[in-house]
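Student: Dumping the structure here so I can ask a few things about it.
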Amino acid sequence: MNVEEIRSEQHFSDVISSNNEVLIDFWAPWCGPCKAMTPIFEQVADEQVSRVKAVKINIDDMPALAQKYGIRSIPSLVLLKDKLVASEHVGAAPKLDVLNWLNEH
(Lines give C-alpha, C1' and ligand atoms only; values in the text may rest on other atoms or scores of the structure.)
Protein backbone atom coordinates (compact mmCIF):
# COMPACT_ATOMS: atom_id res chain seq x y z
CA MET A 1 0.00 0.00 0.00
CA ASN A 2 1.36 3.40 -0.99
CA VAL A 3 -0.56 5.53 1.51
CA GLU A 4 1.17 7.14 4.46
CA GLU A 5 -0.67 8.27 7.60
CA ILE A 6 0.40 11.75 8.72
CA ARG A 7 1.10 11.78 12.46
CA SER A 8 2.48 15.29 13.04
CA GLU A 9 2.74 18.68 11.38
CA GLN A 10 6.51 18.14 11.04
CA HIS A 11 5.89 14.83 9.27
CA PHE A 12 3.47 16.59 6.89
CA SER A 13 5.96 19.39 6.26
CA ASP A 14 8.65 16.83 5.42
CA VAL A 15 6.33 15.02 2.99
CA ILE A 16 5.25 18.13 1.08
CA SER A 17 8.84 19.41 0.96
CA SER A 18 10.16 16.23 -0.61
CA ASN A 19 7.38 15.57 -3.15
CA ASN A 20 6.20 17.73 -6.07
CA GLU A 21 2.64 16.37 -6.00
CA VAL A 22 0.89 15.20 -2.84
CA LEU A 23 -2.61 13.73 -2.73
CA ILE A 24 -4.21 14.15 0.69
CA ASP A 25 -7.23 12.27 2.00
CA PHE A 26 -8.80 14.22 4.88
CA TRP A 27 -10.93 11.72 6.83
CA ALA A 28 -12.14 10.61 10.27
CA PRO A 29 -12.72 7.10 11.68
CA TRP A 30 -16.38 7.87 12.52
CA CYS A 31 -17.17 8.95 8.94
CA GLY A 32 -19.02 6.28 6.92
CA PRO A 33 -18.29 7.78 3.46
CA CYS A 34 -14.61 8.07 4.50
CA LYS A 35 -14.52 4.35 5.24
CA ALA A 36 -16.09 3.69 1.84
CA MET A 37 -13.42 5.85 0.16
CA THR A 38 -10.45 4.16 1.87
CA PRO A 39 -10.06 1.24 -0.57
CA ILE A 40 -10.66 3.56 -3.54
CA PHE A 41 -8.04 6.03 -2.28
CA GLU A 42 -5.58 3.16 -1.74
CA GLN A 43 -6.15 1.85 -5.29
CA VAL A 44 -5.66 5.32 -6.78
CA ALA A 45 -2.50 5.76 -4.69
CA ASP A 46 -1.13 2.45 -5.95
CA GLU A 47 -1.92 3.27 -9.57
CA GLN A 48 -0.55 6.82 -9.37
CA VAL A 49 2.52 6.06 -7.21
CA SER A 50 4.90 7.30 -9.90
CA ARG A 51 3.08 10.65 -9.98
CA VAL A 52 1.86 11.52 -6.48
CA LYS A 53 2.68 10.86 -2.87
CA ALA A 54 -0.57 9.78 -1.18
CA VAL A 55 -1.21 10.58 2.47
CA LYS A 56 -4.13 10.38 4.89
CA ILE A 57 -4.85 12.99 7.54
CA ASN A 58 -7.28 12.18 10.35
CA ILE A 59 -9.02 15.50 11.03
CA ASP A 60 -9.62 14.52 14.67
CA ASP A 61 -5.88 14.02 15.23
CA MET A 62 -4.71 16.93 13.06
CA PRO A 63 -7.39 19.67 13.29
CA ALA A 64 -4.91 22.46 12.54
CA LEU A 65 -4.07 20.96 9.14
CA ALA A 66 -7.76 20.49 8.33
CA GLN A 67 -8.34 24.14 9.25
CA LYS A 68 -5.31 25.31 7.26
CA TYR A 69 -6.75 23.72 4.10
CA GLY A 70 -10.32 24.87 4.81
CA ILE A 71 -11.75 21.37 5.15
CA ARG A 72 -15.45 21.67 5.98
CA SER A 73 -16.70 18.31 4.74
CA ILE A 74 -15.15 14.85 4.67
CA PRO A 75 -13.99 12.89 2.89
CA SER A 76 -12.03 15.57 1.06
CA LEU A 77 -9.20 14.90 -1.34
CA VAL A 78 -6.73 17.72 -1.86
CA LEU A 79 -4.07 17.74 -4.55
CA LEU A 80 -1.00 19.81 -3.75
CA LYS A 81 1.47 20.83 -6.45
CA ASP A 82 4.66 22.45 -5.19
CA LYS A 83 3.01 22.86 -1.74
CA LEU A 84 0.02 24.76 -3.18
CA VAL A 85 -3.57 23.51 -3.53
CA ALA A 86 -4.12 22.62 -7.18
CA SER A 87 -7.58 21.11 -6.69
CA GLU A 88 -10.02 19.68 -4.15
CA HIS A 89 -12.54 16.86 -4.48
CA VAL A 90 -15.23 16.69 -1.77
CA GLY A 91 -17.30 13.63 -0.98
CA ALA A 92 -17.15 9.94 -1.70
CA ALA A 93 -16.78 9.02 -5.36
CA PRO A 94 -16.13 5.99 -7.56
CA LYS A 95 -12.51 5.24 -8.46
CA LEU A 96 -12.96 6.33 -12.08
CA ASP A 97 -14.24 9.75 -10.97
CA VAL A 98 -11.24 10.20 -8.68
CA LEU A 99 -8.81 9.18 -11.44
CA ASN A 100 -10.49 11.52 -13.94
CA TRP A 101 -10.36 14.40 -11.42
CA LEU A 102 -6.69 13.70 -10.73
CA ASN A 103 -5.83 13.51 -14.42
CA GLU A 104 -7.48 16.89 -15.06
CA HIS A 105 -4.90 18.57 -12.83
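Lettering and numbering for the C-alpha coordinates are positional, with chains as A, B, ... in the shown order, residues counted from 1 in each chain, and ligands counted from 1 in the shown order.
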What's around Leu77 (chain A) at 7 Å? Count only C-alpha atoms, leave out sequence neighbours fewer than 4 positions away in its own chain, and write the answer as a count of residues only.
Tutor: 7
Student: Quick one: residues within 7 Å of region 91-97 of chain A, only C-alpha atoms counted, chain neighbours fewer than 2 positions away excluded, as a VMD selection string?
Tutor: chain A and resid 33 to 34 37 40 74 to 76 89 99 to 101
Student: DSSP on the backbone, strand (DSSP E or B) only: what residues of chain A does that give? Format it as a PyMOL selection string.
Tutor: chain A and resi 3-5+21-27+53-58+76-81+84-90
Student: Identify, on the basis of only C-alpha atoms, every residue whose closest approach to Met62 (chain A) does not exceed 9 Å; exclude the query and any residue fewer than 2 positions from it along the same chain; express the result as a PyMOL selection string.
Tutor: chain A and resi 6-9+57-60+64-67
Student: Could you tell me how far CA of His105 (chain A) lies from CA of Val78 (chain A), in Å and to one decimal?
Tutor: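 Here the two named atoms are 11.2 Å from each other.
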Student: Would you mind writing down, as an MDAnalysis selection string, each residue of region 22-100 of chain A that DSSP on the backbone assigns to helix (DSSP H, G or I)?
Tutor: chainID A and resid 32:47 63:68 95:100
Student: Could you tell me which of A:Glu104, A:Asp61, A:Glu42, A:Asp82 comes closest to Val15 (chain A) if we count only C-alpha atoms?
Tutor: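 Looking at the shortest contact to Val15 (chain A), the residue is A:Asp82.
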Student: Go through A:Thr38, A:Val52, A:Ser87, A:Glu47 and flag the residue nearest Ser18 (chain A), using only C-alpha atoms for the distances.
Tutor: A:Val52
Student: To one decimal in Å, tell me the separation between CA of Lys81 (chain A) and CA of Val22 (chain A).
Tutor: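 Separation of CA of Lys81 (chain A) and CA of Val22 (chain A): 6.7 Å.
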